[in-house]
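Written below as structure tokens is the structure these notes are about.
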Protein chains: 4
Amino acid sequence: MSYFDNIQTIKYEGKQSNNPLSFKFYNPDQVILGKTMREHLRFAIAYWHSFSANGSDPFGSGTMLRTWDKYDGMDLAKARVEACFELLNILDVDYFAFHDRDIAPEGSTLQETNRNLDEIVALIKDNMKSSGKKLLWNTANMFTNPRFVHGAATTNNADVFAYAAAQVKKALEHGKELGSENYVFWGGREGYETLLNTDLGLELDNLARFLHMAVDYAKEIGFDAQFLIEPKPKEPSKHQYDFDAATTLSFLQKYDLLPYFKLNLEANHATLAGHTFEHELRVARINGVLGSIDANQGDMLLGWDTDEFPTDLYATTLAMYEILLNEGGIGRGGVNFDAKVRRTSFEPVDVVYAHIAGMDSFARGLQVAAKLIEDRVFDNILDTRYASFKSGIGADIVSGKANFKTLEAYALQNSNNIVNQSGRLELIKATLNQYIINV
Amino acid sequence: MSYFDNIQTIKYEGKQSNNPLSFKFYNPDQVILGKTMREHLRFAIAYWHSFSANGSDPFGSGTMLRTWDKYDGMDLAKARVEACFELLNILDVDYFAFHDRDIAPEGSTLQETNRNLDEIVALIKDNMKSSGKKLLWNTANMFTNPRFVHGAATTNNADVFAYAAAQVKKALEHGKELGSENYVFWGGREGYETLLNTDLGLELDNLARFLHMAVDYAKEIGFDAQFLIEPKPKEPSKHQYDFDAATTLSFLQKYDLLPYFKLNLEANHATLAGHTFEHELRVARINGVLGSIDANQGDMLLGWDTDEFPTDLYATTLAMYEILLNEGGIGRGGVNFDAKVRRTSFEPVDVVYAHIAGMDSFARGLQVAAKLIEDRVFDNILDTRYASFKSGIGADIVSGKANFKTLEAYALQNSNNIVNQSGRLELIKATLNQYIINV
Amino acid sequence: MSYFDNIQTIKYEGKQSNNPLSFKFYNPDQVILGKTMREHLRFAIAYWHSFSANGSDPFGSGTMLRTWDKYDGMDLAKARVEACFELLNILDVDYFAFHDRDIAPEGSTLQETNRNLDEIVALIKDNMKSSGKKLLWNTANMFTNPRFVHGAATTNNADVFAYAAAQVKKALEHGKELGSENYVFWGGREGYETLLNTDLGLELDNLARFLHMAVDYAKEIGFDAQFLIEPKPKEPSKHQYDFDAATTLSFLQKYDLLPYFKLNLEANHATLAGHTFEHELRVARINGVLGSIDANQGDMLLGWDTDEFPTDLYATTLAMYEILLNEGGIGRGGVNFDAKVRRTSFEPVDVVYAHIAGMDSFARGLQVAAKLIEDRVFDNILDTRYASFKSGIGADIVSGKANFKTLEAYALQNSNNIVNQSGRLELIKATLNQYIINV
Amino acid sequence: MSYFDNIQTIKYEGKQSNNPLSFKFYNPDQVILGKTMREHLRFAIAYWHSFSANGSDPFGSGTMLRTWDKYDGMDLAKARVEACFELLNILDVDYFAFHDRDIAPEGSTLQETNRNLDEIVALIKDNMKSSGKKLLWNTANMFTNPRFVHGAATTNNADVFAYAAAQVKKALEHGKELGSENYVFWGGREGYETLLNTDLGLELDNLARFLHMAVDYAKEIGFDAQFLIEPKPKEPSKHQYDFDAATTLSFLQKYDLLPYFKLNLEANHATLAGHTFEHELRVARINGVLGSIDANQGDMLLGWDTDEFPTDLYATTLAMYEILLNEGGIGRGGVNFDAKVRRTSFEPVDVVYAHIAGMDSFARGLQVAAKLIEDRVFDNILDTRYASFKSGIGADIVSGKANFKTLEAYALQNSNNIVNQSGRLELIKATLNQYIINV
């Protein structure tokens, strides 16, 4: 049966096409900088938003019209698997990603919950085999169930910590079973509601203990996925421990976890933390931890995680620029649409339109970023701007030859000859506009 | 002569006093938890706000009526020194803090600039000797002069880097000369206007090089002040490198600078970064880097650094709570009023009123925080909340005995017996109100 | 039976009491400025937060432990009525407030829905009669059901408009039946998701039409409650039409609705709109439309409506100051706790603690505000500051005698003699602290 | 002499041009929807940003390299006039705008100040005559001088009110002298620092008195410019009275000023108030008060008015869409670049680059908006979405025939047949991207 109105596989028709059910920019086989778009972008569909969510918000019930909602329990879970693989085919997308609780309902005991999971994982495995689709990452949902009200790895309740450990253990096993290329930790409730009742030191120590156990167990079972941490500053917690890329780096360094983790960066989380998405990507890139991205966008006038499908071409261009400059590009990671159709876009076809919008926006971003690199637009700017560090006193600074005494001696002679150059921000932005339109 | 209307030294008169020129809560000799208020708080006056600033803002000229403004050049610089020591006496404050450019005007060459500085430093030293007042910290202003338009240690111009090095070298020498207890690095322009023209990796590497040079030079001249970095997320730069405590920790760890630096945390910078002040203090405390504080407050509905005098008793209470729990309290640091009277509070006496307001607010905060500690209010909450980690499976987690397999085994047996307790946030907040009023 | 652990009626025990189940500041019979605290404050309990909500958030399921949750359907609805009147008794609160959908479940048709409502309204009426408790206001929930996905009075679907009209018609009838003192319009989905598909002019015209129909129908049935509009800037809609007090005034003026409406102002909505709560109250007060308040508070570092119980004494003091200065005080309105216990405060007793916290905070605010008025603290400041408008050229300006030519003539003579006075903000804030502590 | 490096008049070279000193999209004579681009856009240069400002910010001195800075006093004022007309020629822009204090220095008395103004106004008039350039609007700066520390028309000091009146009287006379097409009121200090010392009612009454006097005087002297109020929510004041479009409408209605004023809306002010620019334009448009725009953009992660040159094509497209739909387009108003080059873009040529960037961005926005209108993209969406209000019950609602009783009767029959349609936001955004790229 079809869950998406028998929509046919979406084809590339070019930027002039009037067909809403076509790609205007995403041409999977087009080669850019030596790789196909498909290889660069490694798109993934997020199970939770497109198959498990119903459009509810804090003030309203679900609105989504979903053909699978006639089922419930394990039947519903199975129907969602079918719907997921149907959508992957419609969109010609290779990857998907899920939380354990997205794919199967909790049972009345952990044992039953795990059996439910095992059954659906087996079904997913069959579908993967027959379709050739792949799992970008899986993860454990340790924030929805009320037992996690005070956190999971950072709970004040040791029983909950143990439960969370059991849950991640199972998730790692399923990740291995499905050949998942990554495994993600997003700490939905790893944070605090108030410092007034929180032992911050113990909670962070426990989080590190938890992650070390995960590293050890993955090694033990031979699950070689890339581990990823996904920073977010707040929501649902008032303050979350993996606030942003830099905070997460600080944590990983302190607890000797840096060798085992990279970051899964999300656009909307970046802006909630007061950063641009490209800032977070750049910080990760220069620290060698750019692992994967959650592709979405926020509303800059709203203070919560709106998880909109990404359509801002400035953001997608600069995100793809960082990814192209990253060693190995997005590597084992991907461009995962952690994005939901608006509550007002409740028809099944909206899910297709929304993914087309996001894929085209990233494809266009890739085209523009690649051309900026080919034309050395930003490279030329940097070469000129930082030329003074290539020779003379600048080279001495970089090489470590200079110290405060030699620099003072130099400055005393040169203090009246300092000449700065304009940063040319406005011209650069006009150039970026030209590239976005002309490429 | 008097620069402050011949105001007499402010005395403690108690909380019922109607005298605006008296302390209502700050009683310097009152002993709390074994130390006097004076010893706990180590108040400092910020030279820049109270003596060098004029009340201008981006839309208006200076409004401040200052008796020393009849002077200019070095005469003005000298008058400001006298005014500073007069205010220290009026307020019975022991410490002050300054940037190099606050105390002496730039000359036409670096040599002349340094001579100006030397002359004023000698004058300050004389005043310190005769008054017994002390220097909490000094620092170098590397953001006002146009040469720093693209940064100082993170400039793209090696000549500017050299100039900055010479400036800090001189400042370290003056710090030693005046027996400064700390030395602060606030990177006013150490950040970027846009990533589009910025080599983030090189700039951060250079910042680390600069700080290592400073460490080396201080060691060379035997200047044993505590080095402090002051985080701020933005303003004047669009994005500053020392965004917050965690970001700064990440940087210090990466570049092996952690042994040499602590943090000077500012309330208004915390909130601009999306954190409460107590969050930043807590992060610093549990990482052993709580060095000193810049005491002020922002307007939560305004998006820039308003540097208001601190009067919010919730914030001062929770700040003092973290400081009291810090090993050694504020240590060599202090409570520095990096705060300015509003542009509309332009009379000299407003500077006195404002400091009284700030000192009383911190004194009250100290009283309340001490009582909360004596009564073990928060300690009891934590003891109860985290009890599960003291024995059984919780103790195994903390000791490192547990792993995913033992935890899963435990969880499989206990998954239906998990019981959480309320966090009692509303009751805790009501209790805090009682303490603020009753102490 | 008891739904709240057989907690006895909360008594006033004074500010030193250690009993968490006592009032520290709220002494209902204490007379302040000629009225009892009970009369000034007219506290109300919000049905939705305390009886219908379960602690779910966008990332997690309900956590609240509620004894009535063993029931469902109409039995649940009846149990909630009992629980509500039990809590009113425990807290000695006189008023409550509800949306239609809080008190009774929707049926499969509008007819059945209305029958459900009728049955529960009758039950509430009985309880009101026997207990003497009163209804502060009722309202219609036109945002939860998916039919309102595009708005109610501002929907693009005329059928939905009609449904909303029917719903409010019924609510007005029930308000009359229960003797409700006010009727509230909060436009949960009256706004837009995007301007790109919105006919702003038509939607606002329709909103005005809807409100005129409500005015007409209330008149027709002789329901003389005060109509109140509750502004909110965003959430759930991206942009809501009743953005803030001024926007709502503009709307009421344009559509000739000003005679029929006052405002129900909420603290957390104020801050989401970029205003302090006291600003919104002041704007309403000077325009004669201060009707009632929703007493809560937001987290200034979070961008959504957190609806926390109000504990900030600065906010409660300044809110009560505006209310005391309002002609007739809060009038037929009240202090309604549109506030919810944190998701982490899930035990029944937390609901009691939280209301105590809020009631005490408002009681303290009332005490402080009254003393500020008795001592003419702010009155004296205003008298002095604005004295120049009492005579001379200032009086001419106020009386309308002056014009640009007479003023220019005056200014040409006086341009060099203008003297301003300090606004004394820091001293005023210190004084406010003294009052909060000393009263 | 040349103040701008002898840059030649900028020509349109098309979107593929590599010449940074050319227009890529702005082709002044290209006809779009029956008018030339020049007629649609009516670009204006802001005197203050490009000729009077120096690049200083709260943390740093001026950086701008300006050839006219070798002069001072009235010589400087005259040089700036020459520079302004040179830039108008270089950019082929027809309009400029200024505050009184931008063009001439204050003297030691109001008389001298006015003489300075008269002299420069005469010089400007000569330049206008010889060049054919025109004045879009003038205004009075009543925020920079310390006398306005507590406001101008909303000051607490009647002498200051009188001074402000004299200043606006003179400005109106100069507006008439120069044939200014509009006159703007931006209340830089018309607001409050704190409500604690503010008589909000009196201040707003006085503001209305002031504006009525201005209306009367303009009429008296026969100055028929369109009066414009420019809303801004904050900065420099903590809270400004003309918060946003709706607040300003409310004020104008209350004080019977609506017939005399339209709005000058600024993009960066809109976002500081929590609105998109298109929201403010739409609100003004449907209320018939869209007068003119200040074209710039803010940084959505910064909380102050950054006044960046507009380069965001989404914003310029949606702004031009509203303007094209406005009756008479921008009318007597214009697209005024109230924008400043970054402090880091300090070379004279940056001013040219920046204006090119802004002009091209608005020209592209015009092209895209016009095509969206020609293709009826949004019109078709609205026609479909709101069709239910064209007939049947919907038509009855709009015509005023319906009331709560007829609507209830309808709803009782139809409550189970309500069908909503998706709002299609994601598809609409994808379509917008196509238009931005393809047009």
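Naming works like this for the structure tokens: A, B, ... for the chains as they're shown, residue 1 at the start of each chain, ligands 1 onward in shown order.
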
task: Compile the residues of chain B that lie within 8 Å of chain D, evaluated using only C-alpha atoms, and express the compilation as a ChimeraX atom specification.
output: /B:57-63,143-146,149-150,188,193,234,236,238,302-304,343-344

So that I have them on file, write out the residues from the current selection with C-alpha atoms, as an mmCIF file, in the first residue's frame.
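Wrote it out as again-v9.cif, contents follow:
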data_model
loop_
_atom_site.group_PDB
_atom_site.id
_atom_site.type_symbol
_atom_site.label_atom_id
_atom_site.label_comp_id
_atom_site.auth_asym_id
_atom_site.auth_seq_id
_atom_site.Cartn_x
_atom_site.Cartn_y
_atom_site.Cartn_z
ATOM 1 C CA ASP B 57 26.259 56.317 24.315
ATOM 2 C CA PRO B 58 25.958 55.521 20.595
ATOM 3 C CA PHE B 59 23.259 58.173 20.273
ATOM 4 C CA GLY B 60 24.488 60.864 22.583
ATOM 5 C CA SER B 61 27.353 62.859 24.010
ATOM 6 C CA GLY B 62 28.625 62.673 27.538
ATOM 7 C CA THR B 63 26.378 63.910 30.317
ATOM 8 C CA PHE B 143 40.167 47.755 21.911
ATOM 9 C CA THR B 144 39.669 51.529 21.937
ATOM 10 C CA ASN B 145 42.423 52.653 19.621
ATOM 11 C CA PRO B 146 41.626 52.220 15.912
ATOM 12 C CA VAL B 149 40.010 47.500 14.644
ATOM 13 C CA HIS B 150 40.627 43.890 13.623
ATOM 14 C CA GLY B 188 37.432 43.421 23.581
ATOM 15 C CA GLU B 193 32.934 40.629 12.682
ATOM 16 C CA LYS B 234 29.739 39.579 21.986
ATOM 17 C CA PRO B 236 31.899 45.099 20.581
ATOM 18 C CA LYS B 238 29.905 40.301 16.692
ATOM 19 C CA LEU B 302 18.088 44.724 26.466
ATOM 20 C CA GLY B 303 20.604 42.946 24.299
ATOM 21 C CA TRP B 304 23.742 44.862 25.148
ATOM 22 C CA ARG B 343 23.635 58.322 31.679
ATOM 23 C CA THR B 344 20.727 59.983 33.457
#

Open item on the list: I need the helix (DSSP H, G or I) residues of region 158-274 of chain C per DSSP on the backbone, written as a VMD selection string.
Closed with: chain C and resid 158 to 178 195 to 197 200 to 221 245 to 254 258 to 260 267 to 272

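The neighbours of region 407-419 of chain B here are the residues that come within 9 Å of it, using only C-alpha atoms and leaving out any residue fewer than 5 positions away in the same chain; they are Ser108, Thr109, Leu110, Gln111, Arg147, Asn157, Asp159, Val160, Phe161, Ala162, Tyr163, Ala164, Ala165, Ala166, Gln167, Lys169 and Lys170 of chain A; Ile393, Ile397 and Ala402 of chain B.
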
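We find CA of Asn54 (chain D) and CA of Ser2 (chain D) to be spaced 18.6 Å apart.
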
As a PyMOL selection string, please: the residues near Leu265 (chain C) (cut-off 7 Å, only C-alpha atoms, same-chain neighbours under 3 positions excluded). chain C and resi 230-231+292-294

Mind writing the picked residues with N, CA and C atoms as a short mmCIF file (atom, residue, chain, number, x, y, z; two decimals), in the first residue's frame?
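File produced: out_28.cif:
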data_model
loop_
_atom_site.label_atom_id
_atom_site.label_comp_id
_atom_site.auth_asym_id
_atom_site.auth_seq_id
_atom_site.Cartn_x
_atom_site.Cartn_y
_atom_site.Cartn_z
N GLU C 230 -6.60 39.17 26.45
CA GLU C 230 -5.30 38.83 27.05
C GLU C 230 -4.23 38.85 25.97
N PRO C 231 -3.38 39.86 25.99
CA PRO C 231 -2.35 39.96 24.95
C PRO C 231 -1.25 38.92 25.15
N SER C 292 -7.49 42.78 34.83
CA SER C 292 -7.18 41.62 35.66
C SER C 292 -5.76 41.19 35.32
N ILE C 293 -5.19 40.32 36.17
CA ILE C 293 -3.84 39.85 35.81
C ILE C 293 -3.74 38.33 35.90
N ASP C 294 -2.90 37.82 35.02
CA ASP C 294 -2.48 36.43 35.09
C ASP C 294 -1.12 36.43 35.77
#

* Find the spatial neighbours of Gly14 (chain C), counting only C-alpha atoms, within a cut-off of 7 Å - ignore same-chain residues fewer than 2 positions away - and output them as a PyMOL selection string. => chain C and resi 12+16-17+23-25
